[in-house]
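Accompanying notes for the structure given below.
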Amino acid sequence: MDTEGTHDARNTHSARIPHPPGPPPGAGGGRPPGAVPIPPKPTTAPGAPESPFMTWLRAPRVLAGPGIWSFEHRVRPKEEPHEIAVPQLIAGAVISFLCAWLLWSLLMNDYLGPYWKWPLEVMLPDSWREGNAGVVSSFVYMALILGVIVTLFGRVGRWPTLVRRLLAPVGRRVWKRLPGWLAPKDPGALPGGALLLRAVAALAVAWLLWEWCTDKTRDSSLLMLQLENLTPPNGDAASYVYYSASYSLIDLVIVVAVLAPFGCWTEVWRRHAPPGWRRKGEAAATDATDAPVLQVDQAEWAELRAAGAGDAAERLAREARAGLMNDVDHARIGRAWESVRVQSSRFPAFVESVQRHGSAACGHPSGARDLPVRTARHDLLTGQVRIGTASDDIRNPYDRRGTGAALDPAVLGTSLLAVGPPGAGKTSRLVRPVLEAMCLQALAGRAAVVSVGAAGDGPAGDDAFDAVVRVGHRESPCDLDLYGGTSDPDEAAAVLAEALVGDVAAAAPGGESRRAATVLGQLLGPFRTAHGRFPGVAELRELLDGAPEAMTALRTALETAEEQGALRELDARERQAARAGDAGTLLADRIALLDRPAFAGFFDPTGQTRQVSLRALDRPLRVRIDLPERGHADASRILARLVLAQFTECAVARADRSVFACLVLDDASHVVTQEALRGLQRLRSANAGVVLTLRALDDVPEPLRGALLGTVGCRMAFAGVTTWDGARFAEVWGKAWVETRDVTDRQIVSDEPFTKLMHSIRRLVTGKDVTAKAVTVRTVERERWSASDLANAVPAGHAVLSVTSVTGETAPPVLVDLRG
């Protein structure tokens, strides 16, 4: 890794970890040691206001909860607001306006007597009641009375609601058509200084316009003169109020239509107004977003400057502004800086690397700085990948409707199970985005990913991985370590026994895995003692079969080395092999599935091939393992169980767990065992997780289906699941209290002659009996998603997803549209 040791994990330079001979096309790596890399071309033209990277970096991120896409997320209220019909709003507004107009007319014409002017006469001194002071005081008092009337009747008639319902869409369309310098598309993204500057400039322009229009010495007073011509010439206070109100209304329209968008006054009010002065809904929304908003350093690297590396921080900031840095570079350097803060001795090497290579510093071993192709939306600041959008369905919580659905290491650390029939989109709409996210995290030094799937159905290309193992393909550049890189015979025996007979133990519990591990331990330990390595597939098969030549050769080697402990193990194996029902026979039959001509040259323990070992999960590794599913289905299942067992064992045994380890197992049919479930439970505390996909829960043994759904924290049911599988999901998702409305029709029976006549006429005209509706509102406990809903009400391209974070925070199941 070209980091000068700044944040390399321990034991990362092992020969067991193959590296590609060169970076993928367009990766930007592959430079010789010591050479200064050529930075990529800027993505923005010189003089552009801001690079796309800076726009992405400055976007707001609201951490609203697990499974919610935080990038530019807008918080919605918990409960759905009650909306009144537009005709009812119009009728209420008209009636309240007429009432307000009537009251104002009665006051202006003294029909209500002089009592409403009594506060003015009592509070004002005598000197303020005559001359200009009296006119001004009367105008102010009448303006206050008018404001009270407008406020009171406006609330009664819901004028603000009507304006928002009718004029807000028109205003948004006009806003979008305004040029960017006049009305920015996202005022929330403006820095505080620029926002205040625009607001002050708008106020200054408004004041200048007022002075210019009210100056009678200039021809600009034409508007004011026209208003004077329209004003009644009696010169009393009413005419003055009419004149002032008319002129103020026109000035207000000009200010709101032109200057308010330019000054972004609403954004200034939202940021700087006291909480008590805001509207209730606005204050609640602001309070809801204050705490969970992610605070991001705007590519200025303030911590690096504070540590004394101003030159390095300035180069990173300059390249970020010029568009020479991408999101992977930012995340990778941020990860390296985190390791420097843990070990201060790495600080000089980190600074030297940044000064030499800039945004390409602390590079991944492959030299790649991005994936060749991205098919999903990623946000590396939060580690999220967006997989869809919560549908506007009545079964979804109101605050989740229309929000993005995302996955990140915080929820994948509890493991994820996805169930759906073939063609439902598990690979294309779930596995591929998750793999892309994990590969990007690996390039940033934050994750290690292992992808296991059938050959030819890989969700990502070869250039997205550091090592590709094609089991059964003679031209495969890499090999798989059958023993997981361990040197402990007992550990190797337990993992291999789980792979060979784990499905048998799951179908018929009875200690089969334990007996198989004992048999393998009695052979692997003596063989390693004699030869310094574990046996190959063919050698292990001969030992399990009890071949005389193989057993004699092993015994001779142990006697020559005088290993009495190993000889006792070998003697015990020979005695047990003579008993009926020995597990060695089953193990020999299973290992024979791997001792086929197609697998010749694979699983070589002599070190002559480039083997991939999962012991390196403490470093940012990207591995893909292709299984020969079509020609060797049973062998593929054995290998899938082997990789799962090795992953759970190695991920927990890591000394450095700062790197998130993820195993993506596409099609985990006949892979889930009792030991696998125990391993999944231990991954939460080991900063690791597994993604499993199944065509149906029938691919899991009946005793383990409920345990599997209870072990994983994230569950996903795709469209097309059966009612049997839906019942399992409905049971694990539980119930919730909901409010129901029951409407019943009751026939009206009357004894009055006139009423009977009217009911008869109505029945004759409509053909129906006269009824009265009765509405009953109850709170009942119902399933969040029933088995029937999961089987029949989930549209194609959708899935129901529930997530749980490693901290225990849960989210209810949500119907997600995976097509967008």
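Chain labels run A, B, ... following the order of the structure tokens; each chain numbers its residues from 1, and ligands are numbered from 1 in the order shown.
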
Would you mind listing what lies within 7 Å of range 334-342 of chain A as a compact mmCIF listing (two decimals) with N, CA and C atoms, in the first residue's frame, with only C-alpha atoms counted and same-chain residues fewer than 2 positions away left out?
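Below you can see result_0.txt, which holds the result:
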# COMPACT_ATOMS: atom_id res chain seq x y z
N THR A 6 1.21 4.36 6.87
CA THR A 6 0.36 5.23 7.68
C THR A 6 -0.82 4.49 8.26
N HIS A 7 -1.50 3.64 7.48
CA HIS A 7 -2.65 2.93 8.04
C HIS A 7 -2.78 1.53 7.48
N HIS A 330 -11.65 11.17 -0.69
CA HIS A 330 -11.98 11.84 0.57
C HIS A 330 -12.15 10.83 1.70
N ALA A 331 -12.87 9.74 1.42
CA ALA A 331 -13.09 8.72 2.46
C ALA A 331 -11.80 8.00 2.80
N ARG A 332 -10.97 7.74 1.79
CA ARG A 332 -9.72 7.00 2.04
C ARG A 332 -8.76 7.84 2.89
N SER A 344 0.05 8.26 16.78
CA SER A 344 0.67 9.53 16.37
C SER A 344 2.00 9.33 15.67
N ARG A 346 2.56 7.70 13.14
CA ARG A 346 2.35 7.64 11.70
C ARG A 346 2.18 9.03 11.07
N PHE A 347 2.12 10.06 11.88
CA PHE A 347 1.82 11.40 11.37
C PHE A 347 2.84 11.87 10.33
N CYS A 362 -2.18 7.59 0.21
CA CYS A 362 -2.72 6.47 1.00
C CYS A 362 -3.56 5.56 0.13
N GLY A 445 -10.40 1.88 2.27
CA GLY A 445 -9.72 1.31 3.42
C GLY A 445 -10.61 1.04 4.60
N ARG A 446 -11.91 0.93 4.38
CA ARG A 446 -12.85 0.78 5.49
C ARG A 446 -13.52 -0.58 5.55

Can you list, as a PDB file with N, CA and C atoms, in the first residue's frame, all residues belonging to range 487-524 of chain A that DSSP tags as helix (DSSP H, G or I)?
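This went into states.pdb:
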ATOM      1  N   PRO A 489      -4.815 -27.670  13.949  1.00  0.00           N
ATOM      2  CA  PRO A 489      -5.545 -28.802  13.361  1.00  0.00           C
ATOM      3  C   PRO A 489      -6.986 -28.898  13.850  1.00  0.00           C
ATOM      4  N   ASP A 490      -7.231 -28.625  15.108  1.00  0.00           N
ATOM      5  CA  ASP A 490      -8.591 -28.723  15.628  1.00  0.00           C
ATOM      6  C   ASP A 490      -9.511 -27.680  14.986  1.00  0.00           C
ATOM      7  N   GLU A 491      -9.004 -26.458  14.823  1.00  0.00           N
ATOM      8  CA  GLU A 491      -9.803 -25.420  14.175  1.00  0.00           C
ATOM      9  C   GLU A 491     -10.066 -25.766  12.720  1.00  0.00           C
ATOM     10  N   ALA A 492      -9.044 -26.237  12.021  1.00  0.00           N
ATOM     11  CA  ALA A 492      -9.228 -26.631  10.626  1.00  0.00           C
ATOM     12  C   ALA A 492     -10.204 -27.790  10.518  1.00  0.00           C
ATOM     13  N   ALA A 493     -10.155 -28.740  11.442  1.00  0.00           N
ATOM     14  CA  ALA A 493     -11.069 -29.881  11.413  1.00  0.00           C
ATOM     15  C   ALA A 493     -12.503 -29.442  11.648  1.00  0.00           C
ATOM     16  N   ALA A 494     -12.720 -28.494  12.585  1.00  0.00           N
ATOM     17  CA  ALA A 494     -14.080 -28.038  12.870  1.00  0.00           C
ATOM     18  C   ALA A 494     -14.678 -27.311  11.669  1.00  0.00           C
ATOM     19  N   VAL A 495     -13.898 -26.463  11.028  1.00  0.00           N
ATOM     20  CA  VAL A 495     -14.413 -25.720   9.873  1.00  0.00           C
ATOM     21  C   VAL A 495     -14.686 -26.665   8.709  1.00  0.00           C
ATOM     22  N   LEU A 496     -13.773 -27.588   8.438  1.00  0.00           N
ATOM     23  CA  LEU A 496     -13.960 -28.511   7.327  1.00  0.00           C
ATOM     24  C   LEU A 496     -15.124 -29.471   7.589  1.00  0.00           C
ATOM     25  N   ALA A 497     -15.294 -29.907   8.827  1.00  0.00           N
ATOM     26  CA  ALA A 497     -16.425 -30.782   9.144  1.00  0.00           C
ATOM     27  C   ALA A 497     -17.744 -30.064   8.948  1.00  0.00           C
ATOM     28  N   GLU A 498     -17.803 -28.765   9.289  1.00  0.00           N
ATOM     29  CA  GLU A 498     -19.024 -27.987   9.070  1.00  0.00           C
ATOM     30  C   GLU A 498     -19.356 -27.911   7.586  1.00  0.00           C
ATOM     31  N   ALA A 499     -18.331 -27.784   6.748  1.00  0.00           N
ATOM     32  CA  ALA A 499     -18.576 -27.705   5.316  1.00  0.00           C
ATOM     33  C   ALA A 499     -19.015 -29.040   4.734  1.00  0.00           C
ATOM     34  N   LEU A 500     -18.462 -30.135   5.236  1.00  0.00           N
ATOM     35  CA  LEU A 500     -18.731 -31.439   4.625  1.00  0.00           C
ATOM     36  C   LEU A 500     -20.061 -32.035   5.095  1.00  0.00           C
ATOM     37  N   VAL A 501     -20.354 -31.961   6.372  1.00  0.00           N
ATOM     38  CA  VAL A 501     -21.547 -32.647   6.889  1.00  0.00           C
ATOM     39  C   VAL A 501     -22.460 -31.716   7.664  1.00  0.00           C
ATOM     40  N   GLY A 502     -22.302 -30.401   7.505  1.00  0.00           N
ATOM     41  CA  GLY A 502     -23.160 -29.479   8.227  1.00  0.00           C
ATOM     42  C   GLY A 502     -24.612 -29.590   7.846  1.00  0.00           C
ATOM     43  N   ASP A 503     -24.910 -29.872   6.586  1.00  0.00           N
ATOM     44  CA  ASP A 503     -26.302 -30.011   6.168  1.00  0.00           C
ATOM     45  C   ASP A 503     -26.934 -31.258   6.771  1.00  0.00           C
ATOM     46  N   VAL A 504     -26.142 -32.329   6.923  1.00  0.00           N
ATOM     47  CA  VAL A 504     -26.673 -33.546   7.548  1.00  0.00           C
ATOM     48  C   VAL A 504     -26.994 -33.303   9.012  1.00  0.00           C
ATOM     49  N   ALA A 505     -26.125 -32.590   9.717  1.00  0.00           N
ATOM     50  CA  ALA A 505     -26.369 -32.285  11.125  1.00  0.00           C
ATOM     51  C   ALA A 505     -27.563 -31.370  11.295  1.00  0.00           C
ATOM     52  N   ALA A 506     -27.796 -30.450  10.342  1.00  0.00           N
ATOM     53  CA  ALA A 506     -28.940 -29.550  10.449  1.00  0.00           C
ATOM     54  C   ALA A 506     -30.249 -30.277  10.212  1.00  0.00           C
ATOM     55  N   ALA A 507     -30.252 -31.262   9.279  1.00  0.00           N
ATOM     56  CA  ALA A 507     -31.484 -31.997   8.993  1.00  0.00           C
ATOM     57  C   ALA A 507     -31.811 -32.989  10.089  1.00  0.00           C
ATOM     58  N   GLU A 512     -23.538 -34.913  14.646  1.00  0.00           N
ATOM     59  CA  GLU A 512     -22.795 -35.392  13.482  1.00  0.00           C
ATOM     60  C   GLU A 512     -21.582 -34.511  13.208  1.00  0.00           C
ATOM     61  N   SER A 513     -21.743 -33.196  13.339  1.00  0.00           N
ATOM     62  CA  SER A 513     -20.613 -32.294  13.090  1.00  0.00           C
ATOM     63  C   SER A 513     -19.501 -32.521  14.100  1.00  0.00           C
ATOM     64  N   ARG A 514     -19.872 -32.761  15.360  1.00  0.00           N
ATOM     65  CA  ARG A 514     -18.847 -32.994  16.387  1.00  0.00           C
ATOM     66  C   ARG A 514     -18.061 -34.264  16.114  1.00  0.00           C
ATOM     67  N   ARG A 515     -18.774 -35.351  15.727  1.00  0.00           N
ATOM     68  CA  ARG A 515     -18.062 -36.596  15.423  1.00  0.00           C
ATOM     69  C   ARG A 515     -17.197 -36.441  14.184  1.00  0.00           C
ATOM     70  N   ALA A 516     -17.697 -35.713  13.188  1.00  0.00           N
ATOM     71  CA  ALA A 516     -16.892 -35.504  11.984  1.00  0.00           C
ATOM     72  C   ALA A 516     -15.659 -34.671  12.290  1.00  0.00           C
ATOM     73  N   ALA A 517     -15.789 -33.660  13.166  1.00  0.00           N
ATOM     74  CA  ALA A 517     -14.624 -32.857  13.537  1.00  0.00           C
ATOM     75  C   ALA A 517     -13.605 -33.697  14.292  1.00  0.00           C
ATOM     76  N   THR A 518     -14.079 -34.634  15.095  1.00  0.00           N
ATOM     77  CA  THR A 518     -13.147 -35.515  15.814  1.00  0.00           C
ATOM     78  C   THR A 518     -12.370 -36.396  14.851  1.00  0.00           C
ATOM     79  N   VAL A 519     -13.066 -36.950  13.854  1.00  0.00           N
ATOM     80  CA  VAL A 519     -12.404 -37.808  12.865  1.00  0.00           C
ATOM     81  C   VAL A 519     -11.362 -37.018  12.096  1.00  0.00           C
ATOM     82  N   LEU A 520     -11.731 -35.834  11.637  1.00  0.00           N
ATOM     83  CA  LEU A 520     -10.779 -35.037  10.866  1.00  0.00           C
ATOM     84  C   LEU A 520      -9.606 -34.592  11.729  1.00  0.00           C
ATOM     85  N   GLY A 521      -9.859 -34.248  12.991  1.00  0.00           N
ATOM     86  CA  GLY A 521      -8.756 -33.860  13.866  1.00  0.00           C
ATOM     87  C   GLY A 521      -7.775 -34.981  14.093  1.00  0.00           C
ATOM     88  N   GLN A 522      -8.256 -36.235  14.118  1.00  0.00           N
ATOM     89  CA  GLN A 522      -7.358 -37.384  14.310  1.00  0.00           C
ATOM     90  C   GLN A 522      -6.470 -37.624  13.097  1.00  0.00           C
ATOM     91  N   LEU A 523      -6.798 -37.035  11.974  1.00  0.00           N
ATOM     92  CA  LEU A 523      -5.980 -37.202  10.771  1.00  0.00           C
ATOM     93  C   LEU A 523      -5.170 -35.949  10.440  1.00  0.00           C
ATOM     94  N   LEU A 524      -5.795 -34.782  10.590  1.00  0.00           N
ATOM     95  CA  LEU A 524      -5.100 -33.550  10.213  1.00  0.00           C
ATOM     96  C   LEU A 524      -3.933 -33.261  11.157  1.00  0.00           C
TER      97      LEU A 524
END

- Item | Non-local contacts of range 562-575 of chain A (10 Å; only C-alpha atoms; under 3 positions in same chain excluded) as a ChimeraX atom specification | /A:518-530,543-544,546,551,554-559,578-579,582,584

Restricting it to C-alpha atoms, dump the selection as a PDB file, in the first residue's frame.
ATOM      1  CA  THR A 518     -13.147 -35.515  15.814  1.00  0.00           C
ATOM      2  CA  VAL A 519     -12.404 -37.808  12.865  1.00  0.00           C
ATOM      3  CA  LEU A 520     -10.779 -35.037  10.866  1.00  0.00           C
ATOM      4  CA  GLY A 521      -8.756 -33.860  13.866  1.00  0.00           C
ATOM      5  CA  GLN A 522      -7.358 -37.384  14.310  1.00  0.00           C
ATOM      6  CA  LEU A 523      -5.980 -37.202  10.771  1.00  0.00           C
ATOM      7  CA  LEU A 524      -5.100 -33.550  10.213  1.00  0.00           C
ATOM      8  CA  GLY A 525      -3.031 -33.250  13.398  1.00  0.00           C
ATOM      9  CA  PRO A 526      -0.747 -36.244  12.733  1.00  0.00           C
ATOM     10  CA  PHE A 527      -0.391 -35.348   9.046  1.00  0.00           C
ATOM     11  CA  ARG A 528       0.688 -31.784   9.855  1.00  0.00           C
ATOM     12  CA  THR A 529       3.093 -33.065  12.461  1.00  0.00           C
ATOM     13  CA  ALA A 530       4.660 -35.430   9.944  1.00  0.00           C
ATOM     14  CA  LEU A 543      -6.776 -41.238   4.818  1.00  0.00           C
ATOM     15  CA  LEU A 544     -10.543 -41.119   5.373  1.00  0.00           C
ATOM     16  CA  GLY A 546      -8.331 -45.960   5.420  1.00  0.00           C
ATOM     17  CA  MET A 551      -1.903 -44.950   6.695  1.00  0.00           C
ATOM     18  CA  LEU A 554       1.884 -41.592   7.780  1.00  0.00           C
ATOM     19  CA  ARG A 555       2.665 -43.967  10.630  1.00  0.00           C
ATOM     20  CA  THR A 556       6.217 -44.468   9.389  1.00  0.00           C
ATOM     21  CA  ALA A 557       6.801 -40.716   9.219  1.00  0.00           C
ATOM     22  CA  LEU A 558       5.498 -40.244  12.748  1.00  0.00           C
ATOM     23  CA  GLU A 559       7.607 -43.100  14.121  1.00  0.00           C
ATOM     24  CA  ALA A 578     -13.408 -50.514  12.462  1.00  0.00           C
ATOM     25  CA  ARG A 579     -16.679 -49.694  14.241  1.00  0.00           C
ATOM     26  CA  ASP A 582     -18.135 -44.464  11.726  1.00  0.00           C
ATOM     27  CA  GLY A 584     -15.208 -41.392   8.326  1.00  0.00           C
TER      28      GLY A 584
END

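Residues in contact with range 652-663 of chain A at up to 8 Å, not including ones fewer than 5 positions away on its chain and judged by only C-alpha atoms, are Ala9, Pro409, Leu412, Met438, Gly445, Arg446, Ala447, Ala448, Val449, Val450, Ser451, Val452, Arg615, Leu617, Asp618, Arg619, Pro620, Leu644, Phe647, Arg682, Leu683, Ala686, Asn687, Ala688, Gly689, Val690 and Val691 of chain A.
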
Can you write out the residues you just picked, keeping N, CA and C atoms, as a compact mmCIF listing (two decimals), in the first residue's frame?
# COMPACT_ATOMS: atom_id res chain seq x y z
N ALA A 9 -2.86 -2.41 7.78
CA ALA A 9 -3.18 -3.38 8.83
C ALA A 9 -2.01 -4.34 9.00
N PRO A 409 -22.89 -0.22 6.68
CA PRO A 409 -22.30 -1.19 7.61
C PRO A 409 -22.97 -1.24 8.98
N LEU A 412 -25.85 -3.64 8.10
CA LEU A 412 -25.35 -4.91 7.57
C LEU A 412 -24.56 -5.68 8.62
N MET A 438 -19.60 -2.09 -0.84
CA MET A 438 -18.51 -2.69 -0.08
C MET A 438 -17.18 -2.55 -0.83
N GLY A 445 -10.40 1.88 2.27
CA GLY A 445 -9.72 1.31 3.42
C GLY A 445 -10.61 1.04 4.60
N ARG A 446 -11.91 0.93 4.38
CA ARG A 446 -12.85 0.78 5.49
C ARG A 446 -13.52 -0.58 5.55
N ALA A 447 -13.40 -1.40 4.52
CA ALA A 447 -14.15 -2.66 4.48
C ALA A 447 -13.36 -3.71 3.74
N ALA A 448 -13.71 -4.97 4.01
CA ALA A 448 -13.22 -6.13 3.27
C ALA A 448 -14.44 -6.92 2.84
N VAL A 449 -14.51 -7.30 1.58
CA VAL A 449 -15.71 -7.93 1.05
C VAL A 449 -15.33 -9.23 0.35
N VAL A 450 -16.17 -10.24 0.55
CA VAL A 450 -16.03 -11.54 -0.11
C VAL A 450 -17.37 -11.85 -0.75
N SER A 451 -17.38 -12.04 -2.06
CA SER A 451 -18.58 -12.34 -2.81
C SER A 451 -18.54 -13.79 -3.29
N VAL A 452 -19.63 -14.52 -3.01
CA VAL A 452 -19.72 -15.92 -3.39
C VAL A 452 -20.98 -16.10 -4.21
N ARG A 615 -8.04 -15.23 6.30
CA ARG A 615 -7.36 -14.70 7.46
C ARG A 615 -6.97 -13.23 7.27
N LEU A 617 -8.91 -10.73 6.55
CA LEU A 617 -10.09 -9.87 6.61
C LEU A 617 -9.85 -8.60 7.42
N ASP A 618 -8.66 -8.45 8.00
CA ASP A 618 -8.37 -7.22 8.72
C ASP A 618 -7.75 -6.17 7.82
N ARG A 619 -7.79 -6.38 6.52
CA ARG A 619 -7.27 -5.41 5.56
C ARG A 619 -8.30 -5.21 4.46
N PRO A 620 -8.28 -4.12 3.73
CA PRO A 620 -9.31 -3.84 2.70
C PRO A 620 -9.15 -4.75 1.49
N LEU A 644 -18.52 -19.80 4.26
CA LEU A 644 -19.29 -19.20 5.36
C LEU A 644 -18.68 -19.55 6.71
N PHE A 647 -15.43 -17.65 7.10
CA PHE A 647 -15.66 -16.22 7.30
C PHE A 647 -16.07 -15.93 8.74
N ARG A 682 -22.38 -14.12 16.43
CA ARG A 682 -21.15 -13.54 16.96
C ARG A 682 -20.60 -12.41 16.10
N LEU A 683 -21.13 -12.24 14.89
CA LEU A 683 -20.58 -11.24 13.98
C LEU A 683 -20.93 -9.82 14.38
N ALA A 686 -18.23 -8.20 16.15
CA ALA A 686 -16.94 -8.31 15.46
C ALA A 686 -16.84 -7.37 14.27
N ASN A 687 -17.78 -6.42 14.13
CA ASN A 687 -17.79 -5.48 13.00
C ASN A 687 -17.77 -6.23 11.67
N ALA A 688 -18.69 -7.17 11.54
CA ALA A 688 -18.80 -7.99 10.34
C ALA A 688 -20.26 -8.36 10.14
N GLY A 689 -20.60 -8.73 8.92
CA GLY A 689 -21.96 -9.11 8.60
C GLY A 689 -22.01 -9.96 7.35
N VAL A 690 -23.15 -10.63 7.15
CA VAL A 690 -23.35 -11.53 6.02
C VAL A 690 -24.65 -11.16 5.33
N VAL A 691 -24.65 -11.17 4.01
CA VAL A 691 -25.84 -10.96 3.19
C VAL A 691 -26.19 -12.29 2.54

- Query: Neighbours of range 467-479 of chain A within 9 Å (only C-alpha atoms; same-chain residues fewer than 6 positions away dropped), as a ChimeraX atom specification?
  - Reply: /A:17-20,455,597-604,609-612,621-628,636

Expected file contents, prior selection, N, CA and C atoms, as a CSV table (one decimal), in the first residue's frame:
chain,number,residue,atom,x,y,z
A,17,ILE,N,-2.2,-13.4,-0.3
A,17,ILE,CA,-3.1,-12.4,-0.9
A,17,ILE,C,-2.6,-12.0,-2.2
A,18,PRO,N,-3.2,-12.5,-3.3
A,18,PRO,CA,-2.7,-12.1,-4.6
A,18,PRO,C,-3.2,-10.7,-5.0
A,19,HIS,N,-2.4,-10.0,-5.7
A,19,HIS,CA,-2.7,-8.6,-6.2
A,19,HIS,C,-2.7,-8.7,-7.7
A,20,PRO,N,-3.6,-7.9,-8.3
A,20,PRO,CA,-3.7,-7.9,-9.7
A,20,PRO,C,-2.4,-7.3,-10.3
A,455,ALA,N,-20.9,-19.4,-11.0
A,455,ALA,CA,-20.0,-18.9,-12.1
A,455,ALA,C,-20.9,-18.4,-13.2
A,597,PRO,N,-11.7,-34.6,-11.4
A,597,PRO,CA,-10.8,-34.0,-12.4
A,597,PRO,C,-11.0,-32.5,-12.7
A,598,ALA,N,-12.2,-32.1,-12.5
A,598,ALA,CA,-12.4,-30.6,-12.8
A,598,ALA,C,-11.7,-29.8,-11.7
A,599,PHE,N,-11.5,-30.3,-10.5
A,599,PHE,CA,-10.9,-29.6,-9.5
A,599,PHE,C,-9.4,-29.9,-9.3
A,600,ALA,N,-8.8,-30.6,-10.3
A,600,ALA,CA,-7.4,-30.9,-10.2
A,600,ALA,C,-6.6,-29.6,-10.2
A,601,GLY,N,-5.7,-29.6,-9.2
A,601,GLY,CA,-4.8,-28.4,-9.1
A,601,GLY,C,-5.4,-27.4,-8.1
A,602,PHE,N,-6.6,-27.6,-7.6
A,602,PHE,CA,-7.2,-26.6,-6.7
A,602,PHE,C,-7.0,-27.1,-5.2
A,603,PHE,N,-7.1,-26.2,-4.3
A,603,PHE,CA,-7.0,-26.5,-2.9
A,603,PHE,C,-5.6,-27.1,-2.6
A,604,ASP,N,-4.6,-26.6,-3.2
A,604,ASP,CA,-3.2,-27.2,-3.0
A,604,ASP,C,-2.6,-26.6,-1.8
A,609,THR,N,0.5,-22.5,-5.4
A,609,THR,CA,-0.5,-21.7,-6.1
A,609,THR,C,-0.7,-20.4,-5.3
A,610,ARG,N,-1.3,-19.5,-6.0
A,610,ARG,CA,-1.7,-18.2,-5.3
A,610,ARG,C,-3.1,-18.4,-4.6
A,611,GLN,N,-3.0,-18.7,-3.3
A,611,GLN,CA,-4.2,-19.0,-2.6
A,611,GLN,C,-4.8,-17.7,-1.9
A,612,VAL,N,-6.1,-17.7,-1.8
A,612,VAL,CA,-6.8,-16.6,-1.1
A,612,VAL,C,-7.2,-17.2,0.3
A,621,LEU,N,-9.7,-5.9,1.5
A,621,LEU,CA,-9.6,-6.9,0.5
A,621,LEU,C,-10.9,-7.1,-0.2
A,622,ARG,N,-10.8,-7.3,-1.6
A,622,ARG,CA,-12.0,-7.5,-2.4
A,622,ARG,C,-11.8,-8.9,-3.1
A,623,VAL,N,-12.6,-9.8,-2.8
A,623,VAL,CA,-12.5,-11.2,-3.3
A,623,VAL,C,-13.8,-11.6,-3.9
A,624,ARG,N,-13.8,-12.3,-5.0
A,624,ARG,CA,-15.0,-12.9,-5.6
A,624,ARG,C,-14.7,-14.4,-5.8
A,625,ILE,N,-15.6,-15.3,-5.4
A,625,ILE,CA,-15.4,-16.7,-5.5
A,625,ILE,C,-16.6,-17.2,-6.4
A,626,ASP,N,-16.2,-17.8,-7.6
A,626,ASP,CA,-17.2,-18.3,-8.5
A,626,ASP,C,-17.3,-19.8,-8.3
A,627,LEU,N,-18.5,-20.3,-8.0
A,627,LEU,CA,-18.7,-21.7,-7.7
A,627,LEU,C,-19.2,-22.4,-8.9
A,628,PRO,N,-18.8,-23.7,-9.2
A,628,PRO,CA,-19.3,-24.4,-10.3
A,628,PRO,C,-20.7,-25.0,-10.1
A,636,SER,N,-20.5,-27.4,-5.0
A,636,SER,CA,-20.7,-25.9,-4.8
A,636,SER,C,-21.3,-25.6,-3.4

- Task: Name all residues at most 8 Å from range 699-710 of chain A (count only C-alpha atoms; drop same-chain ones fewer than 3 positions away) and give them as a ChimeraX atom specification.
- Result: /A:417,506-507,669-674,677,694-696,713,715,728-729,732

So that each row is one residue of range 445-495 of chain A with an atom at most 10 Å from range 424-430 of chain A, can you give its shortest atom pair and the distance in Å to one decimal, using only C-alpha atoms, rows by chain and rising number, as CSV?
residue,atom,partner,partner_atom,distance
A:Gly453,CA,A:Thr427,CA,10.0
A:Asp457,CA,A:Thr427,CA,8.9
A:Gly458,CA,A:Thr427,CA,8.8
A:Pro459,CA,A:Thr427,CA,6.6
A:Ala460,CA,A:Ser428,CA,9.8

Would you put the residues from that selection into a file with N, CA and C atoms, as a CSV table (one decimal), in the first residue's frame?
chain,number,residue,atom,x,y,z
A,453,GLY,N,-20.8,-16.7,-5.4
A,453,GLY,CA,-22.0,-16.9,-6.3
A,453,GLY,C,-21.7,-17.9,-7.3
A,457,ASP,N,-22.7,-15.7,-13.2
A,457,ASP,CA,-23.8,-14.9,-12.8
A,457,ASP,C,-23.3,-13.8,-11.8
A,458,GLY,N,-22.0,-13.4,-12.0
A,458,GLY,CA,-21.4,-12.4,-11.1
A,458,GLY,C,-22.1,-11.1,-11.2
A,459,PRO,N,-22.5,-10.5,-10.1
A,459,PRO,CA,-23.2,-9.2,-10.1
A,459,PRO,C,-22.2,-8.1,-10.4
A,460,ALA,N,-20.9,-8.3,-10.3
A,460,ALA,CA,-19.9,-7.3,-10.6
A,460,ALA,C,-18.8,-7.9,-11.4

- Task: Between CA of Ala645 in chain A and CA of Ser415 in chain A, measure the distance and give it in Å to one decimal.
- Result: 14.7 Å

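Of all the residues in range 418-563 of chain A, the ones DSSP labels as strand (DSSP E or B) from the backbone are Ala418, Val419, Ala447, Ala448, Val449, Val450, Ser451, Val452, Gly453, Ala454, Ala467, Val468, Val469, Arg470, Asp479 and Leu480 of chain A.
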
- Task: Please identify all polymer residues within 7 Å of Pro66 in chain A, counting only C-alpha atoms, omitting same-chain residues fewer than 6 positions from it, and present them as a ChimeraX atom specification.
- Result: /A:411,803-805,810-811

- Note on the structure: Here CA of Pro605 in chain A and CA of Gly484 in chain A stand apart by 10.6 Å
